[in-house]
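Novice: Take a look at the following structure, please.
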Amino acid sequence: MEQITFSTDLESNIRLMQAIFQGDNTFVTRRAAGHKGLCCAVFFFDGMVNNIAINQSVIRPIVCADCAEATADELARTILQINDSRVETDTDKLFAAFLYGDTVVFTEGDARPVVVNTKGFAVRAASEPENERVLSGPREGFTECFMPNLALIRRRLNDRRLKFTFLRLGTRTNTVVCLCYLAGVCEAKLVRHLRRKLESLDADSVLDANYLAERIRDHRFSPFPTLGTTERPDVVASRLVEGRCAIVVDGSPVVLTAPLLFQECFQANDDYYVSFLQANLSRVLRALGFVCTITFPAVYTALLLYHRELVPARLLFAISAAQRGVPLPIGWETLLLLLVLEALKEAGARTPGAMGQTMSIVGGLVLGQAAVSARFAAAPTVIVVAIAGVTGLMAPKLQTASLWLRFALLAAAAAYGLYGVGLGLGLILMWLCRMHSCSVPYLLNLVPRVRSEQEDAWLRAPWFFMRHDRFAVKRGVKKGGKP
Amino acid sequence: MKLLVKLLPVLLLALCGCAREVSPVSALALDKTKDGYRLTAEIVRQDSVEDAAAPAYLAVSGADMPALLQRLGDLLPGELYLSHAQVLLLGESAAEESILPLADYLCTDNGVRLSLRVAVVRGGTAAGLLKNDDEVYALSELLERAAREGTLPDMPLYRAAEVLHASGTAILPALTLDEFGQTAPAGTAVFTNSRLSCFLDGSGSEGGAAGA
């Protein structure tokens, strides 16, 4: 970017600004003159600013000013009646703020511009996130607006150790990204690690949290998530309390949290708002559901291809009867039905509202029944694929892993039978063992080691047993370390 | 990309996984004929999920068990599937021959379960008794119930082979058709030197081995 230098002549500054933003019809220049002769120029983008704030806190004070001239400092300190105004000499920072909805004011005789915080663009109201609904508990969710998102977090964590560190990422988008953590609770090493990763990022645009997540996460090609994502401020607050970091990206309602452990993929927001008995049953079901969704089609295929002697006789006869007349071998049949299931899910997700529900019913019931009647597919295979599909929804954070592992295990089962499935599961376990999230082992707490670390791992202890220092990342922090 | 290359052999092998339709056998009956043996197989037929499994019978003749099974497999539309066969009936005349080679062959065939129950049919042919019941697995349920109640010895194939190898003497359950035409337990068949010697209720077998 070429060096921009402002002069003390107001008219030349106006011409310079108009030249820079030539062709942008939302760029507004407002000359304001005081009744004693003070001359100023106000620049802002239409639609990005709060018009009332500009009229009442910027234009009116200038027009009513009792002086013939004023420096930028005087303008910022004594004339403009707004809570956030400053003299900005760094042109990069000046334009970053200006493009983000701030107003720039030049005064005659001073080359330094004044930046006034007048952001006022339309934002979506906070609502409950569609993907993280709860039966009971708070229903607020993040929006695309940055500062209100930070306010939602701070409102829940009234702790002076809560830190928000801003960074700007993306050479084109210049997006504001905030690293949040509780100083003294979160390990400094973790904060440094994440900050270094963010600062070393070379991206031209950051339009959503996933733009960052894919770049900064460990094991980028793994289908298992190594960064947590949430749209709920209560979840972010609880993770910060546990000693994790959060990354808030402007323009995205999704907040990243790090590190993420494998067992967290089976945790849901509801777990903390309902009885621990109910929560633990749900967690066990989710874990079983994940195992079921990745292995069920593979085991079914392996049994019918290679190990029919393991199937009870009458069940085998029924399956054999259902398979009669189906044109495809069992492995291909299962694979194609799984692909159809994914296609239906994709179509349902992309189809708006009620039509999506209709699509699911037509796809799931009518198409499935018709396929069985027409002998395109056997009824047991449809049932197996349906069970895999339903159980795959039980752990939504592992949907990508479920999808890919299901296909991989199916291929292993078709090639090597149950030995292939066993080998595949062994490889997956080994893969998980060597994974890390921000230098924390991904399978931390897989086996019981320290009681405090187990209180909210695979199962959740009742709140009256739970201690606040239950997360292993901050193991070095002494219990009860209040500020 | 590297991962895809590694997975390629698995995917290619996956293409090989095309199983034939199976023709499950639930029971077998072996009778002696003039020029060898006659094997009758009870094949399970189920045309749709809603139907109940029904038996169908196929018979082949041959010199020994491998040849009989080979011919039976050739007759069937699907793969001859013996893993769910639960009963092998031996006619009296077939049992009077040494059953050790037969037991050894079936024990080493990985398609046959070691828990296959062997029974001797007393008076009449094994095929006749096999065809007497219209229900699949009726015979195996009868043998299992009788073994549980202690009215017939519990002697699966592998145990029979073991004791025949050890001492040449074994006992097997015997079945017959009673006066009402029903399949019923008929005591215990005693094998000496791997051949049917007598029945334990005192009556000797009709063959020449009765006095052995």
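We label chains A, B, ... in the order they appear in the structure tokens, count residues from 1 in each chain, and number ligands from 1 in the order shown.
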Would you mind listing, for every residue of chain A within 12 Å of chain B, the two atoms forming the shortest contact and the distance between them in Å to one decimal, using only C-alpha atoms, sorted by chain and ascending residue number, as CSV?

Specialist:
```
residue,atom,partner,partner_atom,distance
A:Phe221,CA,B:Leu3,CA,9.8
A:Ser222,CA,B:Leu3,CA,11.0
A:Ala298,CA,B:Ala14,CA,11.5
A:Thr301,CA,B:Gly17,CA,9.2
A:Ala302,CA,B:Gly17,CA,9.0
A:Leu303,CA,B:Ala19,CA,10.9
A:Leu304,CA,B:Ala19,CA,7.9
A:Leu305,CA,B:Ala19,CA,5.5
A:Tyr306,CA,B:Ala19,CA,8.0
A:His307,CA,B:Ser83,CA,9.8
A:Arg308,CA,B:Ser83,CA,8.0
A:Glu309,CA,B:Ser83,CA,5.4
A:Leu310,CA,B:Ser83,CA,8.9
A:Val311,CA,B:His84,CA,9.2
A:Pro312,CA,B:His84,CA,8.3
A:Ala313,CA,B:His84,CA,6.1
A:Arg314,CA,B:Ala53,CA,7.8
A:Leu315,CA,B:Val49,CA,9.7
A:Leu316,CA,B:Pro24,CA,9.0
A:Phe317,CA,B:Gln46,CA,6.5
A:Ala318,CA,B:Val49,CA,5.2
A:Ile319,CA,B:Val49,CA,7.3
A:Ser320,CA,B:Val22,CA,7.3
A:Ala321,CA,B:Ser48,CA,4.9
A:Ala322,CA,B:Val49,CA,5.7
A:Gln323,CA,B:Glu21,CA,8.1
A:Arg324,CA,B:Glu21,CA,7.5
A:Gly325,CA,B:Glu21,CA,9.7
A:Val326,CA,B:Glu21,CA,10.4
A:Pro327,CA,B:Cys18,CA,11.2
A:Leu328,CA,B:Cys18,CA,8.6
A:Pro329,CA,B:Cys18,CA,5.3
A:Ile330,CA,B:Cys18,CA,7.1
A:Gly331,CA,B:Gly17,CA,6.7
A:Trp332,CA,B:Leu15,CA,8.2
A:Glu333,CA,B:Cys18,CA,10.5
A:Leu335,CA,B:Ala14,CA,10.8
A:Val372,CA,B:Val49,CA,11.5
A:Ser373,CA,B:Ser48,CA,11.4
A:Arg375,CA,B:Ser48,CA,11.5
A:Ala378,CA,B:Val49,CA,10.0
A:Ala379,CA,B:Val49,CA,8.8
A:Pro380,CA,B:Val49,CA,9.6
A:Phe407,CA,B:Leu11,CA,10.1
A:Ala408,CA,B:Leu7,CA,8.4
A:Leu409,CA,B:Val10,CA,9.9
A:Leu410,CA,B:Ala14,CA,8.5
A:Ala411,CA,B:Ala14,CA,5.5
A:Ala412,CA,B:Val10,CA,6.2
A:Ala413,CA,B:Ala14,CA,7.7
A:Ala414,CA,B:Ala14,CA,4.7
A:Ala415,CA,B:Ala14,CA,4.2
A:Tyr416,CA,B:Ala14,CA,8.0
A:Gly417,CA,B:Gly17,CA,8.8
A:Gly420,CA,B:Val10,CA,9.3
A:Val421,CA,B:Val10,CA,11.7
A:Leu423,CA,B:Val10,CA,11.9
A:Gly424,CA,B:Val10,CA,10.8
```

Novice: Residues at most 9 Å from B:Leu114, counting only C-alpha atoms, excluding those fewer than 5 positions away in the same chain, as an MDAnalysis selection string?

Specialist: chainID B and resid 106:108 156:159

Novice: Residues as selected, all heavy atoms, written as a PDB file, in the first residue's frame, can you do that?

Specialist:
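This went into part24.pdb:
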```
ATOM      1  N   LEU B 106     -15.349 -84.481   8.625  1.00  0.00           N
ATOM      2  CA  LEU B 106     -16.246 -83.371   8.998  1.00  0.00           C
ATOM      3  C   LEU B 106     -15.588 -82.447  10.021  1.00  0.00           C
ATOM      4  O   LEU B 106     -15.812 -81.235  10.011  1.00  0.00           O
ATOM      5  CB  LEU B 106     -17.561 -83.920   9.541  1.00  0.00           C
ATOM      6  CG  LEU B 106     -18.451 -84.621   8.496  1.00  0.00           C
ATOM      7  CD1 LEU B 106     -19.684 -85.208   9.166  1.00  0.00           C
ATOM      8  CD2 LEU B 106     -18.868 -83.668   7.380  1.00  0.00           C
ATOM      9  N   CYS B 107     -14.766 -83.049  10.911  1.00  0.00           N
ATOM     10  CA  CYS B 107     -14.100 -82.206  11.921  1.00  0.00           C
ATOM     11  C   CYS B 107     -13.057 -81.288  11.293  1.00  0.00           C
ATOM     12  O   CYS B 107     -12.778 -80.214  11.815  1.00  0.00           O
ATOM     13  CB  CYS B 107     -13.431 -83.067  12.987  1.00  0.00           C
ATOM     14  SG  CYS B 107     -14.579 -83.695  14.204  1.00  0.00           S
ATOM     15  N   THR B 108     -12.463 -81.735  10.201  1.00  0.00           N
ATOM     16  CA  THR B 108     -11.425 -80.902   9.581  1.00  0.00           C
ATOM     17  C   THR B 108     -12.001 -79.946   8.536  1.00  0.00           C
ATOM     18  O   THR B 108     -11.291 -79.056   8.070  1.00  0.00           O
ATOM     19  CB  THR B 108     -10.352 -81.777   8.906  1.00  0.00           C
ATOM     20  OG1 THR B 108     -11.010 -82.708   8.052  1.00  0.00           O
ATOM     21  CG2 THR B 108      -9.516 -82.504   9.927  1.00  0.00           C
ATOM     22  N   PRO B 156     -21.667 -84.351  20.703  1.00  0.00           N
ATOM     23  CA  PRO B 156     -21.415 -83.652  19.450  1.00  0.00           C
ATOM     24  C   PRO B 156     -20.286 -84.319  18.666  1.00  0.00           C
ATOM     25  O   PRO B 156     -19.547 -85.140  19.204  1.00  0.00           O
ATOM     26  CB  PRO B 156     -21.031 -82.238  19.877  1.00  0.00           C
ATOM     27  CG  PRO B 156     -20.698 -82.318  21.306  1.00  0.00           C
ATOM     28  CD  PRO B 156     -21.305 -83.556  21.862  1.00  0.00           C
ATOM     29  N   LEU B 157     -20.153 -83.908  17.436  1.00  0.00           N
ATOM     30  CA  LEU B 157     -19.242 -84.576  16.509  1.00  0.00           C
ATOM     31  C   LEU B 157     -17.798 -84.611  17.018  1.00  0.00           C
ATOM     32  O   LEU B 157     -17.141 -85.643  16.992  1.00  0.00           O
ATOM     33  CB  LEU B 157     -19.295 -83.842  15.164  1.00  0.00           C
ATOM     34  CG  LEU B 157     -18.379 -84.370  14.085  1.00  0.00           C
ATOM     35  CD1 LEU B 157     -18.842 -85.732  13.607  1.00  0.00           C
ATOM     36  CD2 LEU B 157     -18.306 -83.404  12.911  1.00  0.00           C
ATOM     37  N   TYR B 158     -17.320 -83.479  17.528  1.00  0.00           N
ATOM     38  CA  TYR B 158     -15.911 -83.432  17.914  1.00  0.00           C
ATOM     39  C   TYR B 158     -15.615 -84.373  19.075  1.00  0.00           C
ATOM     40  O   TYR B 158     -14.568 -85.013  19.144  1.00  0.00           O
ATOM     41  CB  TYR B 158     -15.487 -81.998  18.261  1.00  0.00           C
ATOM     42  CG  TYR B 158     -15.945 -81.495  19.607  1.00  0.00           C
ATOM     43  CD1 TYR B 158     -15.121 -81.584  20.721  1.00  0.00           C
ATOM     44  CD2 TYR B 158     -17.210 -80.954  19.779  1.00  0.00           C
ATOM     45  CE1 TYR B 158     -15.535 -81.136  21.955  1.00  0.00           C
ATOM     46  CE2 TYR B 158     -17.641 -80.507  21.008  1.00  0.00           C
ATOM     47  CZ  TYR B 158     -16.801 -80.593  22.093  1.00  0.00           C
ATOM     48  OH  TYR B 158     -17.219 -80.168  23.313  1.00  0.00           O
ATOM     49  N   ARG B 159     -16.590 -84.510  19.990  1.00  0.00           N
ATOM     50  CA  ARG B 159     -16.362 -85.381  21.139  1.00  0.00           C
ATOM     51  C   ARG B 159     -16.405 -86.852  20.705  1.00  0.00           C
ATOM     52  O   ARG B 159     -15.613 -87.669  21.165  1.00  0.00           O
ATOM     53  CB  ARG B 159     -17.413 -85.104  22.222  1.00  0.00           C
ATOM     54  CG  ARG B 159     -16.895 -85.447  23.603  1.00  0.00           C
ATOM     55  CD  ARG B 159     -17.910 -85.229  24.678  1.00  0.00           C
ATOM     56  NE  ARG B 159     -18.344 -83.839  24.787  1.00  0.00           N
ATOM     57  CZ  ARG B 159     -19.459 -83.465  25.377  1.00  0.00           C
ATOM     58  NH1 ARG B 159     -20.263 -84.355  25.899  1.00  0.00           N
ATOM     59  NH2 ARG B 159     -19.783 -82.191  25.466  1.00  0.00           N
TER      60      ARG B 159
END
```

Novice: Which of these residues is nearest to B:Thr192, using only C-alpha atoms: B:Leu88, B:Ala160, B:Ala67, B:Leu130?

Specialist: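 For B:Thr192, the nearest of the given residues is B:Ala160.
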
Novice: Near B:Leu164, within 8 Å and counting only C-alpha atoms, which residues show up once chain neighbours fewer than 6 positions away are dropped, as a PyMOL selection string?

Specialist: chain B and resi 100+170+193-194

Novice: Rounded to one decimal in Å, what is the spacing between atom CA of A:Val236 and atom CA of A:Met435?

Specialist: 23.1 Å

Novice: Would you work out the distance separating atom CA of B:Ala126 from atom CA of B:Glu92, expressed in Å to one decimal?

Specialist: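 Atom CA of B:Ala126 sits 8.1 Å away from atom CA of B:Glu92.
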
Novice: Write out as a PyMOL selection string the residues lying within 9 Å of B:Leu39, counting only C-alpha atoms and excluding same-chain residues fewer than 5 positions away.

Specialist: chain B and resi 28-32+58-62+65+68-69+72+127

Novice: Could the residues in this selection be saved with N, CA, C and O atoms as a tab-separated table (two decimals), in the first residue's frame?

Specialist:
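So the final result, stored in part-v1.tsv, reads:
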```
chain	number	residue	atom	x	y	z
B	28	LEU	N	-28.29	-83.31	7.77
B	28	LEU	CA	-27.84	-84.25	6.75
B	28	LEU	C	-28.21	-85.67	7.18
B	28	LEU	O	-28.25	-85.96	8.39
B	29	ALA	N	-28.47	-86.51	6.21
B	29	ALA	CA	-28.75	-87.92	6.52
B	29	ALA	C	-27.92	-88.79	5.59
B	29	ALA	O	-27.90	-88.55	4.37
B	30	LEU	N	-27.24	-89.78	6.17
B	30	LEU	CA	-26.35	-90.61	5.37
B	30	LEU	C	-26.82	-92.07	5.46
B	30	LEU	O	-26.95	-92.62	6.56
B	31	ASP	N	-27.09	-92.66	4.29
B	31	ASP	CA	-27.52	-94.05	4.23
B	31	ASP	C	-26.57	-94.84	3.34
B	31	ASP	O	-25.98	-94.28	2.41
B	32	LYS	N	-26.46	-96.12	3.66
B	32	LYS	CA	-25.61	-96.99	2.84
B	32	LYS	C	-26.44	-97.53	1.69
B	32	LYS	O	-27.61	-97.91	1.87
B	58	LEU	N	-32.71	-82.64	-0.88
B	58	LEU	CA	-31.96	-83.02	-2.07
B	58	LEU	C	-31.12	-84.24	-1.71
B	58	LEU	O	-30.57	-84.31	-0.61
B	59	ALA	N	-31.02	-85.19	-2.62
B	59	ALA	CA	-30.24	-86.40	-2.33
B	59	ALA	C	-29.24	-86.66	-3.45
B	59	ALA	O	-29.55	-86.42	-4.63
B	60	VAL	N	-28.07	-87.11	-3.07
B	60	VAL	CA	-27.04	-87.46	-4.05
B	60	VAL	C	-26.40	-88.78	-3.63
B	60	VAL	O	-26.42	-89.15	-2.45
B	61	SER	N	-25.82	-89.47	-4.58
B	61	SER	CA	-25.13	-90.74	-4.29
B	61	SER	C	-23.67	-90.61	-4.63
B	61	SER	O	-23.29	-89.85	-5.54
B	62	GLY	N	-22.84	-91.38	-3.89
B	62	GLY	CA	-21.41	-91.30	-4.16
B	62	GLY	C	-20.66	-92.30	-3.32
B	62	GLY	O	-21.24	-92.98	-2.46
B	65	MET	N	-17.70	-89.28	1.50
B	65	MET	CA	-18.28	-87.99	1.91
B	65	MET	C	-17.82	-86.80	1.04
B	65	MET	O	-18.65	-85.98	0.64
B	68	LEU	N	-19.73	-86.89	-2.13
B	68	LEU	CA	-21.15	-86.60	-1.90
B	68	LEU	C	-21.38	-85.09	-1.75
B	68	LEU	O	-22.30	-84.53	-2.35
B	69	LEU	N	-20.51	-84.47	-0.95
B	69	LEU	CA	-20.67	-83.02	-0.74
B	69	LEU	C	-20.40	-82.25	-2.03
B	69	LEU	O	-21.06	-81.24	-2.31
B	72	LEU	N	-23.47	-82.59	-4.12
B	72	LEU	CA	-24.56	-81.79	-3.54
B	72	LEU	C	-24.36	-80.32	-3.87
B	72	LEU	O	-25.32	-79.62	-4.26
B	127	ALA	N	-32.72	-91.00	5.77
B	127	ALA	CA	-33.43	-90.02	4.91
B	127	ALA	C	-34.91	-89.98	5.28
B	127	ALA	O	-35.53	-88.91	5.33
```

Novice: So that I can check the secondary structure, give me every residue of stretch 21-197 of chain B assigned helix (DSSP H, G or I) by backbone DSSP, as number ranges by chain.

Specialist: B: 65-75, 92-95, 100-108, 126-130, 138-149, 157-167

Novice: Please provide as an mmCIF file with N, CA, C and O atoms, in the first residue's frame all residues within 10 Å of A:Glu132, with the sequence filter that same-chain residues fewer than 6 positions apart are discarded (counting only C-alpha atoms).

Specialist:
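Contents of result.cif, as written:
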```
data_model
loop_
_atom_site.group_PDB
_atom_site.id
_atom_site.type_symbol
_atom_site.label_atom_id
_atom_site.label_comp_id
_atom_site.auth_asym_id
_atom_site.auth_seq_id
_atom_site.Cartn_x
_atom_site.Cartn_y
_atom_site.Cartn_z
ATOM 1 N N ARG A 139 -30.324 -19.591 26.677
ATOM 2 C CA ARG A 139 -30.641 -19.739 25.254
ATOM 3 C C ARG A 139 -30.005 -18.657 24.403
ATOM 4 O O ARG A 139 -30.370 -18.477 23.252
ATOM 5 N N GLY A 141 -27.179 -16.892 22.134
ATOM 6 C CA GLY A 141 -26.135 -17.356 21.224
ATOM 7 C C GLY A 141 -25.353 -16.178 20.681
ATOM 8 O O GLY A 141 -25.812 -15.031 20.745
ATOM 9 N N THR A 230 -18.200 -23.474 19.114
ATOM 10 C CA THR A 230 -19.506 -23.290 19.760
ATOM 11 C C THR A 230 -20.087 -21.947 19.373
ATOM 12 O O THR A 230 -19.349 -21.032 18.975
ATOM 13 N N GLU A 231 -21.391 -21.851 19.467
ATOM 14 C CA GLU A 231 -22.062 -20.576 19.223
ATOM 15 C C GLU A 231 -22.685 -20.058 20.512
ATOM 16 O O GLU A 231 -23.511 -19.156 20.490
ATOM 17 N N ARG A 232 -22.314 -20.694 21.631
ATOM 18 C CA ARG A 232 -22.970 -20.347 22.892
ATOM 19 C C ARG A 232 -21.977 -19.696 23.852
ATOM 20 O O ARG A 232 -20.910 -20.259 24.139
ATOM 21 N N ALA A 268 -22.376 -32.621 25.761
ATOM 22 C CA ALA A 268 -23.359 -31.692 25.187
ATOM 23 C C ALA A 268 -23.682 -30.630 26.226
ATOM 24 O O ALA A 268 -23.446 -30.825 27.425
ATOM 25 N N ASN A 269 -24.214 -29.531 25.756
ATOM 26 C CA ASN A 269 -24.516 -28.427 26.679
ATOM 27 C C ASN A 269 -25.536 -28.845 27.728
ATOM 28 O O ASN A 269 -25.460 -28.444 28.880
ATOM 29 N N ASP A 270 -26.472 -29.672 27.283
ATOM 30 C CA ASP A 270 -27.533 -30.108 28.191
ATOM 31 C C ASP A 270 -26.985 -30.863 29.399
ATOM 32 O O ASP A 270 -27.618 -30.877 30.455
ATOM 33 N N PRO A 396 -22.672 -34.934 17.241
ATOM 34 C CA PRO A 396 -22.542 -34.045 16.071
ATOM 35 C C PRO A 396 -21.123 -33.524 15.856
ATOM 36 O O PRO A 396 -20.752 -33.227 14.724
#
```

Novice: Please, what distance in Å, to one decimal, runs between atom CA of A:Phe44 and atom CA of A:Val28?

Specialist: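 So the two atoms, atom CA of A:Phe44 and atom CA of A:Val28, lie 5.4 Å apart.
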
Novice: Under the rule that only C-alpha atoms are counted, which of B:Gly91, B:Arg38, B:Asn110, B:Gln70 is the nearest residue to B:Ala189?

Specialist: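 Nearest to B:Ala189: B:Gly91.
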
Novice: Can you check which residues of stretch 35-162 of chain A DSSP gives as strand (DSSP E or B) on the backbone and send them as a PyMOL selection string?

Specialist: chain A and resi 39-45+49+85-87+103-107+114-116+119+162

Novice: Based on the selection just made, write N, CA, C and O atoms of those residues as a PDB file, in the first residue's frame.

Specialist:
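Contents of out.pdb, as written:
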```pdb
ATOM      1  N   CYS A  39     -13.417  25.232  10.733  1.00  0.00           N
ATOM      2  CA  CYS A  39     -13.705  24.438   9.532  1.00  0.00           C
ATOM      3  C   CYS A  39     -13.231  22.996   9.715  1.00  0.00           C
ATOM      4  O   CYS A  39     -12.067  22.772  10.046  1.00  0.00           O
ATOM      5  N   CYS A  40     -14.138  22.089   9.497  1.00  0.00           N
ATOM      6  CA  CYS A  40     -13.800  20.663   9.628  1.00  0.00           C
ATOM      7  C   CYS A  40     -14.403  19.882   8.463  1.00  0.00           C
ATOM      8  O   CYS A  40     -15.337  20.361   7.803  1.00  0.00           O
ATOM      9  N   ALA A  41     -13.873  18.704   8.246  1.00  0.00           N
ATOM     10  CA  ALA A  41     -14.459  17.773   7.264  1.00  0.00           C
ATOM     11  C   ALA A  41     -14.680  16.434   7.956  1.00  0.00           C
ATOM     12  O   ALA A  41     -13.798  15.921   8.639  1.00  0.00           O
ATOM     13  N   VAL A  42     -15.873  15.943   7.784  1.00  0.00           N
ATOM     14  CA  VAL A  42     -16.244  14.682   8.445  1.00  0.00           C
ATOM     15  C   VAL A  42     -16.422  13.619   7.349  1.00  0.00           C
ATOM     16  O   VAL A  42     -17.150  13.847   6.371  1.00  0.00           O
ATOM     17  N   PHE A  43     -15.778  12.468   7.518  1.00  0.00           N
ATOM     18  CA  PHE A  43     -15.870  11.372   6.534  1.00  0.00           C
ATOM     19  C   PHE A  43     -16.425  10.121   7.226  1.00  0.00           C
ATOM     20  O   PHE A  43     -16.002   9.785   8.321  1.00  0.00           O
ATOM     21  N   PHE A  44     -17.333   9.482   6.545  1.00  0.00           N
ATOM     22  CA  PHE A  44     -17.852   8.209   7.067  1.00  0.00           C
ATOM     23  C   PHE A  44     -18.485   7.417   5.927  1.00  0.00           C
ATOM     24  O   PHE A  44     -18.666   7.935   4.817  1.00  0.00           O
ATOM     25  N   PHE A  45     -18.789   6.181   6.215  1.00  0.00           N
ATOM     26  CA  PHE A  45     -19.464   5.319   5.227  1.00  0.00           C
ATOM     27  C   PHE A  45     -20.933   5.193   5.603  1.00  0.00           C
ATOM     28  O   PHE A  45     -21.261   4.807   6.726  1.00  0.00           O
ATOM     29  N   VAL A  49     -22.451   3.520  10.006  1.00  0.00           N
ATOM     30  CA  VAL A  49     -22.339   4.387  11.180  1.00  0.00           C
ATOM     31  C   VAL A  49     -23.700   4.624  11.831  1.00  0.00           C
ATOM     32  O   VAL A  49     -24.748   4.415  11.220  1.00  0.00           O
ATOM     33  N   SER A  85     -12.983   8.948  21.132  1.00  0.00           N
ATOM     34  CA  SER A  85     -12.380   9.684  20.004  1.00  0.00           C
ATOM     35  C   SER A  85     -10.898   9.849  20.294  1.00  0.00           C
ATOM     36  O   SER A  85     -10.482  10.007  21.447  1.00  0.00           O
ATOM     37  N   ARG A  86     -10.090   9.763  19.230  1.00  0.00           N
ATOM     38  CA  ARG A  86      -8.640   9.834  19.430  1.00  0.00           C
ATOM     39  C   ARG A  86      -7.985  10.386  18.167  1.00  0.00           C
ATOM     40  O   ARG A  86      -8.546  10.288  17.062  1.00  0.00           O
ATOM     41  N   VAL A  87      -6.799  10.931  18.355  1.00  0.00           N
ATOM     42  CA  VAL A  87      -6.002  11.401  17.221  1.00  0.00           C
ATOM     43  C   VAL A  87      -5.190  10.207  16.737  1.00  0.00           C
ATOM     44  O   VAL A  87      -4.528   9.537  17.536  1.00  0.00           O
ATOM     45  N   THR A 103     -15.735   7.176  12.247  1.00  0.00           N
ATOM     46  CA  THR A 103     -15.799   8.425  11.482  1.00  0.00           C
ATOM     47  C   THR A 103     -14.462   9.156  11.626  1.00  0.00           C
ATOM     48  O   THR A 103     -13.859   9.159  12.704  1.00  0.00           O
ATOM     49  N   VAL A 104     -14.001   9.731  10.508  1.00  0.00           N
ATOM     50  CA  VAL A 104     -12.729  10.464  10.519  1.00  0.00           C
ATOM     51  C   VAL A 104     -13.031  11.960  10.372  1.00  0.00           C
ATOM     52  O   VAL A 104     -13.851  12.358   9.531  1.00  0.00           O
ATOM     53  N   VAL A 105     -12.411  12.743  11.207  1.00  0.00           N
ATOM     54  CA  VAL A 105     -12.642  14.188  11.179  1.00  0.00           C
ATOM     55  C   VAL A 105     -11.298  14.895  10.981  1.00  0.00           C
ATOM     56  O   VAL A 105     -10.330  14.611  11.704  1.00  0.00           O
ATOM     57  N   PHE A 106     -11.248  15.766   9.968  1.00  0.00           N
ATOM     58  CA  PHE A 106     -10.066  16.601   9.743  1.00  0.00           C
ATOM     59  C   PHE A 106     -10.429  18.037  10.111  1.00  0.00           C
ATOM     60  O   PHE A 106     -11.572  18.474   9.889  1.00  0.00           O
ATOM     61  N   THR A 107      -9.474  18.743  10.619  1.00  0.00           N
ATOM     62  CA  THR A 107      -9.705  20.156  10.921  1.00  0.00           C
ATOM     63  C   THR A 107      -8.671  20.993  10.159  1.00  0.00           C
ATOM     64  O   THR A 107      -7.572  20.510   9.854  1.00  0.00           O
ATOM     65  N   VAL A 114      -8.774  12.860  13.332  1.00  0.00           N
ATOM     66  CA  VAL A 114      -9.386  12.388  14.580  1.00  0.00           C
ATOM     67  C   VAL A 114     -10.328  11.231  14.214  1.00  0.00           C
ATOM     68  O   VAL A 114     -11.134  11.362  13.279  1.00  0.00           O
ATOM     69  N   VAL A 115     -10.188  10.126  14.931  1.00  0.00           N
ATOM     70  CA  VAL A 115     -11.062   8.974  14.682  1.00  0.00           C
ATOM     71  C   VAL A 115     -12.116   8.922  15.787  1.00  0.00           C
ATOM     72  O   VAL A 115     -11.780   8.970  16.969  1.00  0.00           O
ATOM     73  N   VAL A 116     -13.355   8.853  15.364  1.00  0.00           N
ATOM     74  CA  VAL A 116     -14.469   8.851  16.319  1.00  0.00           C
ATOM     75  C   VAL A 116     -15.229   7.535  16.174  1.00  0.00           C
ATOM     76  O   VAL A 116     -15.573   7.125  15.057  1.00  0.00           O
ATOM     77  N   LYS A 119     -19.563   3.455  15.169  1.00  0.00           N
ATOM     78  CA  LYS A 119     -20.053   2.230  14.497  1.00  0.00           C
ATOM     79  C   LYS A 119     -21.545   2.054  14.787  1.00  0.00           C
ATOM     80  O   LYS A 119     -21.988   2.212  15.915  1.00  0.00           O
ATOM     81  N   LEU A 162      -9.937 -12.016  33.216  1.00  0.00           N
ATOM     82  CA  LEU A 162     -10.381 -12.299  31.846  1.00  0.00           C
ATOM     83  C   LEU A 162      -9.720 -11.322  30.885  1.00  0.00           C
ATOM     84  O   LEU A 162      -9.861 -10.104  31.020  1.00  0.00           O
TER      85      LEU A 162
END
```

Novice: Would you mind telling me which residue in B:Leu75, B:Ala41, B:Ile171, B:Val87 lies nearest to B:Leu196 when using only C-alpha atoms?

Specialist: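 That would be B:Ile171, the residue with the smallest distance to B:Leu196.
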
Novice: Using only C-alpha atoms, which protein or nucleic acid residues come within 10 Å of A:Val384? Drop anything in the same chain fewer than 4 positions from it, and give the result as a ChimeraX atom specification.

Specialist: /A:293,296-301,334,337-338,379-380,388-390

Novice: Would you pick out the contacts of A:Val254 at 8 Å or less, using only C-alpha atoms, so that residues sharing its chain but fewer than 6 positions from it are not included, and give the list as a ChimeraX atom specification?

Specialist: /A:142,208-209,229-231,248
